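Below: protein.cif (mmCIF, C-alpha atoms)
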data_upload
loop_
_atom_site.label_atom_id
_atom_site.label_comp_id
_atom_site.auth_asym_id
_atom_site.auth_seq_id
_atom_site.Cartn_x
_atom_site.Cartn_y
_atom_site.Cartn_z
CA MET H 11 65.16 126.07 116.70
CA GLY H 12 66.13 129.46 115.33
CA VAL H 13 68.94 131.71 116.47
CA ALA H 14 66.62 133.77 118.66
CA ALA H 15 65.38 130.72 120.54
CA ALA H 16 68.87 129.28 120.80
CA ALA H 17 70.02 132.54 122.37
CA LEU H 18 68.09 131.47 125.47
CA ASP H 19 70.21 128.33 125.66
CA TYR H 20 72.86 128.98 128.29
CA ASP H 21 75.09 126.23 126.90
CA ALA H 22 75.03 127.85 123.48
CA GLU H 23 76.11 131.12 125.11
CA LEU H 24 78.98 129.30 126.79
CA MET H 25 79.97 127.75 123.47
CA LEU H 26 79.96 131.18 121.82
CA ARG H 27 82.36 132.33 124.52
CA VAL H 28 84.56 129.29 123.80
CA LYS H 29 84.50 130.46 120.19
CA ASP H 30 85.77 133.84 121.40
CA GLY H 31 88.69 132.12 123.11
CA ASP H 32 87.36 131.64 126.65
CA SER H 33 88.53 128.10 127.36
CA ALA H 34 87.14 128.21 130.91
CA CYS H 35 83.68 128.03 129.34
CA PHE H 36 84.68 124.79 127.63
CA ASP H 37 85.58 123.44 131.08
CA LEU H 38 82.11 124.39 132.29
CA LEU H 39 80.44 122.65 129.34
CA LEU H 40 82.56 119.58 129.89
CA GLU H 41 81.73 119.41 133.60
CA LYS H 42 78.05 119.90 132.89
CA HIS H 43 77.64 117.33 130.13
CA ARG H 44 80.48 114.85 130.61
CA ALA H 45 78.55 112.31 132.66
CA SER H 46 75.40 112.39 130.54
CA VAL H 47 77.34 111.95 127.30
CA ILE H 48 79.44 109.09 128.68
CA HIS H 49 76.42 107.36 130.21
CA PHE H 50 74.40 107.70 127.03
CA VAL H 51 77.22 106.32 124.91
CA TYR H 52 77.86 103.57 127.47
CA ARG H 53 74.26 102.36 127.27
CA LEU H 54 74.48 102.40 123.49
CA VAL H 55 77.77 100.53 123.12
CA GLN H 56 77.65 98.74 126.51
CA GLU H 57 81.40 98.93 127.09
CA GLN H 58 82.74 101.46 129.52
CA ALA H 59 86.23 101.89 128.04
CA VAL H 60 84.79 102.35 124.54
CA ALA H 61 82.16 104.74 125.87
CA GLU H 62 84.83 106.96 127.44
CA GLU H 63 86.95 106.87 124.32
CA LEU H 64 83.99 107.87 122.16
CA ALA H 65 82.94 110.55 124.64
CA GLN H 66 86.47 111.98 124.43
CA GLU H 67 86.05 112.15 120.68
CA VAL H 68 82.69 113.91 121.13
CA PHE H 69 84.20 116.68 123.27
CA LEU H 70 87.25 116.88 121.07
CA ARG H 71 84.99 117.49 118.07
CA VAL H 72 83.09 120.14 119.99
CA TYR H 73 86.39 121.85 120.79
CA ARG H 74 87.64 121.57 117.21
CA SER H 75 84.42 123.09 115.88
CA ARG H 76 84.53 126.08 118.21
CA SER H 77 85.68 128.54 115.56
CA SER H 78 82.87 127.64 113.18
CA TYR H 79 80.18 127.17 115.85
CA GLU H 80 76.81 128.79 115.17
CA PRO H 81 73.94 128.33 117.63
CA THR H 82 71.45 127.08 115.06
CA ALA H 83 70.15 124.44 117.49
CA LYS H 84 70.17 123.77 121.19
CA PHE H 85 73.71 122.93 122.33
CA THR H 86 72.73 119.53 123.76
CA THR H 87 70.98 118.62 120.50
CA TRP H 88 74.25 119.20 118.68
CA LEU H 89 76.24 117.41 121.39
CA PHE H 90 74.01 114.33 121.38
CA ARG H 91 73.90 114.29 117.62
CA ILE H 92 77.70 113.97 117.58
CA ALA H 93 77.57 111.35 120.35
CA THR H 94 74.87 109.32 118.60
CA HIS H 95 76.68 109.48 115.28
CA LEU H 96 79.97 108.29 116.76
CA ALA H 97 78.41 105.55 118.88
CA LEU H 98 76.25 104.16 116.08
CA ASN H 99 79.21 104.20 113.70
CA TRP H 100 81.25 102.30 116.25
CA LEU H 101 78.44 99.77 116.68
CA ARG H 102 78.20 99.25 112.92
CA ASP H 103 81.95 98.70 112.70
CA GLU H 104 81.90 96.40 115.70
CA LYS H 105 78.94 94.42 114.39
CA HIS H 106 80.74 94.09 111.10
CA GLU H 107 83.93 92.94 112.80
CA ARG H 108 82.69 90.57 115.43
CA GLY H 109 79.00 89.91 114.87
CA GLN H 110 76.82 90.04 117.90
CA ASP H 111 79.10 87.84 120.04
CA ARG H 112 79.85 90.71 122.35
CA LEU H 113 76.28 90.70 123.61
CA ASP H 114 76.60 87.12 124.68
CA ASP H 115 79.65 87.46 126.86
CA GLY H 116 79.12 88.42 130.47
CA SER H 117 80.01 92.05 130.86
CA PRO H 118 81.83 92.74 134.09
CA ASP H 119 81.04 96.44 134.22
CA LEU H 120 77.37 96.30 135.03
CA PRO H 121 76.60 98.15 138.20
CA ILE H 122 73.35 97.34 139.88
CA ARG H 123 71.38 99.95 141.67
CA GLN H 124 70.96 99.20 145.32
CA VAL H 125 67.32 100.01 145.82
CA SER H 126 67.49 100.15 149.57
CA ASP H 127 70.25 100.90 152.02
CA ARG H 128 70.11 97.36 153.34
CA ARG H 129 72.62 95.05 151.74
CA PRO H 130 70.77 92.66 149.39
CA SER H 131 71.20 88.95 149.85
CA VAL H 132 73.28 86.96 147.39
CA GLU H 133 70.07 85.56 145.91
CA GLN H 134 68.52 89.00 145.49
CA GLU H 135 71.71 90.21 143.90
CA MET H 136 71.73 87.27 141.47
CA VAL H 137 68.10 87.83 140.50
CA GLN H 138 68.75 91.52 140.02
CA ARG H 139 71.83 90.80 137.92
CA VAL H 140 69.93 88.37 135.68
CA LYS H 141 67.10 90.88 135.23
CA LEU H 142 69.56 93.61 134.38
CA GLU H 143 71.29 91.40 131.86
CA GLU H 144 67.92 90.68 130.22
CA ILE H 145 67.15 94.38 130.04
CA ARG H 146 70.59 95.16 128.63
CA ARG H 147 70.21 92.54 125.92
CA ALA H 148 66.67 93.62 125.08
CA VAL H 149 67.81 97.22 124.64
CA ALA H 150 70.86 96.14 122.62
CA ALA H 151 68.63 94.11 120.30
CA LEU H 152 66.52 97.15 119.35
CA PRO H 153 67.16 98.76 115.96
CA GLU H 154 69.79 101.45 116.45
CA LYS H 155 67.51 104.47 116.03
CA GLN H 156 64.96 103.04 118.47
CA ARG H 157 67.73 102.24 120.92
CA ALA H 158 69.14 105.76 120.82
CA ALA H 159 65.64 107.22 121.17
CA VAL H 160 64.79 105.09 124.21
CA LEU H 161 68.07 105.95 125.92
CA MET H 162 67.65 109.68 125.35
CA HIS H 163 64.02 109.54 126.44
CA LYS H 164 64.45 107.35 129.48
CA TYR H 165 67.86 108.30 130.85
CA GLU H 166 68.63 111.76 129.51
CA GLU H 167 65.04 112.93 130.00
CA MET H 168 65.11 114.77 126.70
CA ASP H 169 61.81 115.90 125.22
CA TYR H 170 60.36 114.54 122.00
CA ILE H 171 61.27 117.58 119.91
CA GLN H 172 64.90 117.45 120.95
CA ILE H 173 65.25 113.68 120.43
CA ALA H 174 63.62 114.06 117.02
CA ARG H 175 66.17 116.74 116.11
CA VAL H 176 69.08 114.59 117.28
CA LEU H 177 67.84 111.69 115.18
CA GLY H 178 66.76 113.83 112.26
CA CYS H 179 63.10 112.83 112.16
CA SER H 180 59.75 114.48 112.79
CA GLU H 181 58.22 114.63 116.24
CA SER H 182 55.33 112.39 115.25
CA ALA H 183 57.71 109.86 113.68
CA LEU H 184 59.75 109.90 116.87
CA LYS H 185 56.67 109.28 119.04
CA SER H 186 55.67 106.28 117.01
CA LEU H 187 59.28 105.04 116.91
CA LEU H 188 59.46 105.27 120.70
CA PHE H 189 56.16 103.48 121.15
CA ARG H 190 57.33 100.65 118.89
CA ALA H 191 60.59 100.44 120.83
CA TYR H 192 58.82 100.22 124.19
CA GLU H 193 56.34 97.76 122.73
CA THR H 194 59.24 95.53 121.64
CA LEU H 195 60.88 95.84 125.05
CA ARG H 196 57.62 94.95 126.82
CA ALA H 197 57.23 91.88 124.60
CA ARG H 198 60.85 90.78 125.01
CA LEU H 199 60.77 91.18 128.75
CA ALA H 200 57.26 89.83 129.28
CA HIS H 201 58.63 86.44 130.35
CA MET H 202 60.08 88.15 133.39
CA GLY H 203 56.51 88.56 134.65
CA ARG H 204 55.39 92.17 134.96
CA ILE H 205 59.10 92.82 134.31
CA MET S 9 38.18 110.14 125.98
CA THR S 10 38.74 107.91 122.97
CA CYS S 11 40.80 104.81 123.67
CA PRO S 12 44.49 105.70 122.94
CA MET S 13 45.05 102.27 121.43
CA VAL S 14 42.18 102.75 118.98
CA SER S 15 42.78 106.41 118.15
CA HIS S 16 46.45 105.91 117.20
CA ASN S 17 47.45 107.86 120.29
CA SER S 18 49.16 104.99 122.05
CA GLU S 19 52.19 107.22 122.75
CA MET S 20 49.98 108.72 125.44
CA LEU S 21 50.40 105.56 127.52
CA VAL S 22 54.19 105.85 127.29
CA ALA S 23 53.99 109.51 128.25
CA TYR S 24 51.78 108.62 131.21
CA ALA S 25 54.25 106.00 132.49
CA ALA S 26 57.08 108.51 132.05
CA GLY S 27 55.17 111.12 134.02
CA GLU S 28 55.09 113.50 131.07
CA LEU S 29 51.35 114.21 130.92
CA ASP S 30 49.74 117.30 132.37
CA MET S 31 47.23 116.92 135.22
CA GLU S 32 44.21 117.25 132.98
CA SER S 33 45.40 114.52 130.59
CA VAL S 34 46.31 112.26 133.53
CA ALA S 35 42.83 112.59 135.00
CA SER S 36 41.21 111.93 131.65
CA LEU S 37 43.41 108.91 130.95
CA GLU S 38 42.86 107.45 134.41
CA ARG S 39 39.09 107.64 133.91
CA HIS S 40 39.55 105.76 130.65
CA LEU S 41 41.84 103.16 132.23
CA ALA S 42 39.16 102.26 134.72
CA ASP S 43 36.95 101.01 131.86
CA CYS S 44 39.56 99.69 129.39
CA PRO S 45 41.34 96.43 130.28
CA ALA S 46 43.51 96.57 127.12
CA CYS S 47 44.95 99.97 128.03
CA ARG S 48 45.27 98.93 131.66
CA SER S 49 47.37 95.94 130.63
CA VAL S 50 49.67 98.01 128.39
CA MET S 51 49.94 100.62 131.12
CA ALA S 52 50.88 98.06 133.78
CA ASP S 53 53.58 96.57 131.54
CA GLN S 54 54.89 99.97 130.51
CA THR S 55 55.05 101.18 134.12
CA ALA S 56 56.87 97.99 135.12
CA LEU S 57 59.29 98.38 132.20
CA TRP S 58 59.93 102.00 133.14
CA LYS S 59 60.81 100.96 136.70
CA ALA S 60 62.95 98.04 135.52
CA LEU S 61 64.98 100.34 133.28
CA ASP S 62 65.75 102.47 136.36
CA ALA S 63 67.93 99.64 137.64
CA TRP S 64 70.39 100.02 134.77
CA GLU S 65 72.96 102.47 136.01
CA ALA S 66 76.04 103.46 134.07
CA PRO S 67 79.43 102.98 135.75
CA ALA S 68 81.21 105.96 137.28
CA VAL S 69 83.32 108.06 134.95
CA SER S 70 87.09 107.55 135.17
CA THR S 71 88.78 110.13 137.33
CA ASP S 72 91.34 110.90 134.64
CA PHE S 73 88.78 111.53 131.89
CA ASN S 74 89.39 115.30 131.83
CA ARG S 75 93.17 114.93 132.03
CA ARG S 76 93.16 112.57 129.02
CA LEU S 77 90.89 114.90 127.07
CA TYR S 78 92.98 118.01 127.75
CA ARG S 79 96.12 116.10 126.79
CA ARG S 80 94.51 115.26 123.44
CA ILE S 81 93.50 118.88 123.01
CA ASP S 82 97.07 120.01 123.74
CA THR S 83 98.44 117.44 121.29
CA GLU S 84 96.04 118.74 118.65
CA ALA S 85 97.14 122.30 119.23
CA ARG S 86 100.69 121.27 118.29
CA LEU S 87 99.71 119.49 115.07
CA SER S 88 101.12 120.74 111.80
CA TRP S 89 98.78 121.89 109.02
CA TRP S 90 99.41 118.62 107.14
CA GLU S 91 98.52 116.49 110.16
CA ARG S 92 95.34 118.50 110.67
CA LEU S 93 94.47 118.04 107.01
CA THR S 94 94.95 114.25 107.10
CA ARG S 95 93.40 113.81 110.55
CA PRO S 96 89.94 112.74 109.35
CA PHE S 97 91.46 109.80 107.47
CA ARG S 98 93.78 108.50 110.16
CA PRO S 99 91.35 106.66 112.44
CA MET S 100 89.56 105.23 109.44
CA PRO S 101 89.44 101.43 109.44
CA LEU S 102 91.24 99.70 106.60
CA ARG S 103 88.07 98.37 105.01
CA HIS S 104 86.73 101.93 104.73
CA ALA S 105 90.02 103.38 103.60
CA LEU S 106 90.70 100.81 100.88
CA PRO S 107 87.58 101.36 98.77
CA LEU S 108 88.02 105.12 99.13
CA THR S 109 91.66 104.93 98.06
CA ALA S 110 90.78 102.63 95.17
CA SER S 111 87.99 104.97 94.03
CA ALA S 112 90.31 107.97 94.27
CA ALA S 113 92.98 106.13 92.26
CA LEU S 114 90.43 105.18 89.59
CA LEU S 115 89.18 108.74 89.37
CA LEU S 116 92.74 110.03 89.04
CA MET S 117 93.45 107.47 86.34
CA ALA S 118 90.26 108.34 84.48
CA GLY S 119 91.11 112.03 84.70
CA PHE S 120 94.61 111.37 83.37
CA LEU S 121 93.27 109.31 80.46
CA LEU S 122 90.79 112.01 79.55
CA GLN S 123 93.47 114.67 79.69
CA HIS S 124 96.13 112.71 77.76
CA PRO S 125 94.39 110.28 75.44
CA ALA S 126 97.28 110.37 72.91
CA LYS S 127 99.81 109.06 75.44
CA ILE S 128 98.15 105.73 75.67
CA ALA S 129 99.29 103.44 72.88
CA PRO S 130 96.41 101.90 70.95
CA VAL S 131 96.17 98.15 71.20
CA GLU S 132 97.12 96.36 67.99
CA PRO S 133 94.29 94.19 66.76
CA ARG S 134 95.26 90.57 66.70
CA SER S 135 95.51 88.90 63.34
CA PRO S 136 92.89 86.22 62.97
CA THR S 137 95.14 84.21 60.65
CA VAL S 138 97.21 81.33 62.01
CA ARG S 139 100.62 80.85 60.51
CA ALA S 140 101.87 77.36 59.46
CA ASP S 141 105.06 77.59 61.58
CA GLN S 142 102.93 78.28 64.69
CA VAL S 143 100.93 75.10 64.08
CA GLU S 144 104.10 73.05 63.61
CA SER S 145 105.65 74.44 66.76
CA THR S 146 102.51 73.66 68.80
CA LEU S 147 102.38 70.09 67.47
CA GLU S 148 106.03 69.58 68.42
CA ASP S 149 105.33 70.89 71.92
CA LEU S 150 102.39 68.52 72.30
CA GLU S 151 104.53 65.58 71.21
CA LEU S 152 107.19 66.51 73.76
CA LEU S 153 104.57 66.73 76.50
CA ARG S 154 103.16 63.33 75.54
CA GLN S 155 106.64 61.75 75.72
CA PHE S 156 107.32 63.42 79.05
CA GLY S 157 103.98 62.14 80.41
CA ALA S 158 104.77 58.62 79.25
CA VAL S 159 108.11 58.67 81.10
CA ASN S 160 106.53 59.83 84.37
CA SER S 161 103.40 57.68 84.30
CA PRO S 162 103.09 54.82 86.87
CA GLU S 163 102.83 52.31 84.01
CA SER S 164 106.35 53.21 82.92
CA GLY S 165 109.57 51.53 84.20
CA HIS S 166 109.40 53.37 87.54
CA SER S 167 106.52 51.15 88.68
CA ASP S 168 108.98 48.25 89.03
CA ALA S 169 110.55 49.91 92.02
CA MET S 170 107.29 49.81 93.97
#

Take the structure in the file and write it out as structure tokens.
Amino acid sequence: MGVAAAALDYDAELMLRVKDGDSACFDLLLEKHRASVIHFVYRLVQEQAVAEELAQEVFLRVYRSRSSYEPTAKFTTWLFRIATHLALNWLRDEKHERGQDRLDDGSPDLPIRQVSDRRPSVEQEMVQRVKLEEIRRAVAALPEKQRAAVLMHKYEEMDYIQIARVLGCSESALKSLLFRAYETLRARLAHMGRI
Amino acid sequence: MTCPMVSHNSEMLVAYAAGELDMESVASLERHLADCPACRSVMADQTALWKALDAWEAPAVSTDFNRRLYRRIDTEARLSWWERLTRPFRPMPLRHALPLTASAALLLMAGFLLQHPAKIAPVEPRSPTVRADQVESTLEDLELLRQFGAVNSPESGHSDAM
């Protein structure tokens, strides 16, 4: 995305005002993107405390870079590139340190969406929890680039061009990467019966 | 339309399940799905996967997230120039820092050697000749060791105490 196109990006305008010393605009950017960054990082690293710590680092880096900021890309592309970089680095370090053990321990911070207003039975809750755990593991087992792509596509509703820019690949490569990722997930979760 | 699975356009099925296709493409794909069991199967699984992924919600963000962040920003604002300069290296894990430090030390050493080659004393080549007094001394040492071994061996007088 060139400078002209980026000029249409409201977030980039806010960031340029942060660059000019308007810290209130940083507050606005933080409010707007805090949840999505934390949630994205959480689904990547699957630990809430770590996700918040990494998200803090993301916004800290944004703040630090304010004086040199140039809107050469969409603001969220830049933001998610930082988030992806930090989260994947953390995962590599963690994998190196402790292997994949973490995926095997029951994570206590797994909220389950209540589909209806009615309180689900204990059995329903158990089934739902097991399914969610399966999904979580299947996503965690994807190669890191596929995992990041799926999370941005599914939960952040980012378009192909933007995800490709975050991950530094072409749009066509991203499409095929995403298809392979979903194909793997379908195969891994097939035993759940129409998932 | 050509089958997406055959025409290397299988991403279309993902886009359909994600609701990303325009109306025209949806209509065209749905006509194809009616006649293609392979695509129908992939589509059913992909749609089910898409719905299943909806169930995975992230926990709520801590209420003190902003406060913690602004505190870090304030702390940063008070950092000295030296702390700012060394900041990128501080959170670095030891296993990353060690090779970097070792490489930097090697580079520094190499630079020093290139700059001051005369300061390093050349190594004296060892004489290949063996002097007679060295041989005698070694033979005496071996004899001493043999005697010492004989004294300490289990076959010596100490075995009587067992």

Contact set, chain S to chain H: 7 Å, all atoms listed in the file, as a PyMOL selection string = chain S and resi 19+22+53-54+56-57+60+63-67+69+77+81

One decimal place gives the CA of Ser33 in chain H-CA of Arg175 in chain H separation as 27.5 Å

Exercise. Which residues fall under the PyMOL selection byres ((chain H and resi 87-96) around 9) in this file, as a PyMOL selection string?
Worked result: chain H and resi 43+47-48+50-51+54+64-65+67-69+71-72+83-86+97-101+158+162+172-173+175-178

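Residue nearest Cys179 in chain H within the list H:Ala159, H:Cys35, H:Ala22, H:Met202: H:Ala159 [criterion: smallest interatomic distance, only C-alpha atoms].
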
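Counting from CA of Lys155 in chain H, the distance to CA of Ala183 in chain H is 11.4 Å.
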
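The residue set within 10 Å of Cys47 in chain S, counting all atoms listed in the file and dropping same-chain residues fewer than 5 places from it, reads Cys11, Pro12, Met13, Val14, Ser18, Leu21, Leu37, His40, Leu41, Ala42, Ala52 and Asp53 of chain S.
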
With distances taken over all atoms listed in the file, the candidate from S:Ser70, S:Ala112, S:His124, S:Leu61 nearest Glu144 in chain H is S:Leu61

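Picture a line from CA of Glu80 in chain H to CA of Leu26 in chain H; it runs 7.7 Å.
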
Written as a PDB file with C-alpha atoms, in the frame of the given file, what is the full residue list that the PyMOL selection byres ((chain H and resi 79) around 8) yields on the file shown?
ATOM      1  CA  MET H  25      79.970 127.750 123.470  1.00  0.00           C
ATOM      2  CA  LEU H  26      79.960 131.180 121.820  1.00  0.00           C
ATOM      3  CA  LYS H  29      84.500 130.460 120.190  1.00  0.00           C
ATOM      4  CA  SER H  75      84.420 123.090 115.880  1.00  0.00           C
ATOM      5  CA  ARG H  76      84.530 126.080 118.210  1.00  0.00           C
ATOM      6  CA  SER H  77      85.680 128.540 115.560  1.00  0.00           C
ATOM      7  CA  SER H  78      82.870 127.640 113.180  1.00  0.00           C
ATOM      8  CA  GLU H  80      76.810 128.790 115.170  1.00  0.00           C
ATOM      9  CA  PRO H  81      73.940 128.330 117.630  1.00  0.00           C
TER      10      PRO H  81
END

Residue with the minimum atom-to-atom distance to Ala150 in chain H, picked from H:Val55, H:Gly31, H:Val137, H:Val60 with only C-alpha atoms counted, is H:Val55

Output as a PDB file, in the coordinates of the input: range 77-90 of chain S, completed with N, CA and C atoms.
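Result saved to result_18.pdb:
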ATOM      1  N   LEU S  77      91.476 114.052 128.114  1.00  0.00           N
ATOM      2  CA  LEU S  77      90.890 114.900 127.070  1.00  0.00           C
ATOM      3  C   LEU S  77      91.753 116.138 126.830  1.00  0.00           C
ATOM      4  N   TYR S  78      92.173 116.796 127.917  1.00  0.00           N
ATOM      5  CA  TYR S  78      92.980 118.010 127.750  1.00  0.00           C
ATOM      6  C   TYR S  78      94.336 117.693 127.118  1.00  0.00           C
ATOM      7  N   ARG S  79      94.849 116.495 127.415  1.00  0.00           N
ATOM      8  CA  ARG S  79      96.120 116.100 126.790  1.00  0.00           C
ATOM      9  C   ARG S  79      95.928 115.968 125.278  1.00  0.00           C
ATOM     10  N   ARG S  80      94.795 115.394 124.883  1.00  0.00           N
ATOM     11  CA  ARG S  80      94.510 115.260 123.440  1.00  0.00           C
ATOM     12  C   ARG S  80      94.339 116.636 122.796  1.00  0.00           C
ATOM     13  N   ILE S  81      93.682 117.528 123.544  1.00  0.00           N
ATOM     14  CA  ILE S  81      93.500 118.880 123.010  1.00  0.00           C
ATOM     15  C   ILE S  81      94.845 119.569 122.837  1.00  0.00           C
ATOM     16  N   ASP S  82      95.722 119.407 123.836  1.00  0.00           N
ATOM     17  CA  ASP S  82      97.070 120.010 123.740  1.00  0.00           C
ATOM     18  C   ASP S  82      97.840 119.429 122.565  1.00  0.00           C
ATOM     19  N   THR S  83      97.734 118.098 122.404  1.00  0.00           N
ATOM     20  CA  THR S  83      98.440 117.440 121.290  1.00  0.00           C
ATOM     21  C   THR S  83      97.939 118.018 119.970  1.00  0.00           C
ATOM     22  N   GLU S  84      96.628 118.192 119.883  1.00  0.00           N
ATOM     23  CA  GLU S  84      96.040 118.740 118.650  1.00  0.00           C
ATOM     24  C   GLU S  84      96.546 120.136 118.345  1.00  0.00           C
ATOM     25  N   ALA S  85      96.699 120.911 119.422  1.00  0.00           N
ATOM     26  CA  ALA S  85      97.140 122.300 119.230  1.00  0.00           C
ATOM     27  C   ALA S  85      98.536 122.355 118.620  1.00  0.00           C
ATOM     28  N   ARG S  86      99.322 121.283 118.818  1.00  0.00           N
ATOM     29  CA  ARG S  86     100.690 121.270 118.290  1.00  0.00           C
ATOM     30  C   ARG S  86     100.806 120.616 116.917  1.00  0.00           C
ATOM     31  N   LEU S  87      99.674 120.174 116.375  1.00  0.00           N
ATOM     32  CA  LEU S  87      99.710 119.490 115.070  1.00  0.00           C
ATOM     33  C   LEU S  87     100.081 120.449 113.950  1.00  0.00           C
ATOM     34  N   SER S  88     100.802 119.933 112.967  1.00  0.00           N
ATOM     35  CA  SER S  88     101.120 120.740 111.800  1.00  0.00           C
ATOM     36  C   SER S  88      99.892 120.836 110.897  1.00  0.00           C
ATOM     37  N   TRP S  89      99.946 121.731 109.917  1.00  0.00           N
ATOM     38  CA  TRP S  89      98.780 121.890 109.020  1.00  0.00           C
ATOM     39  C   TRP S  89      98.501 120.594 108.260  1.00  0.00           C
ATOM     40  N   TRP S  90      99.587 119.856 107.916  1.00  0.00           N
ATOM     41  CA  TRP S  90      99.410 118.620 107.140  1.00  0.00           C
ATOM     42  C   TRP S  90      98.728 117.557 107.993  1.00  0.00           C
TER      43      TRP S  90
END
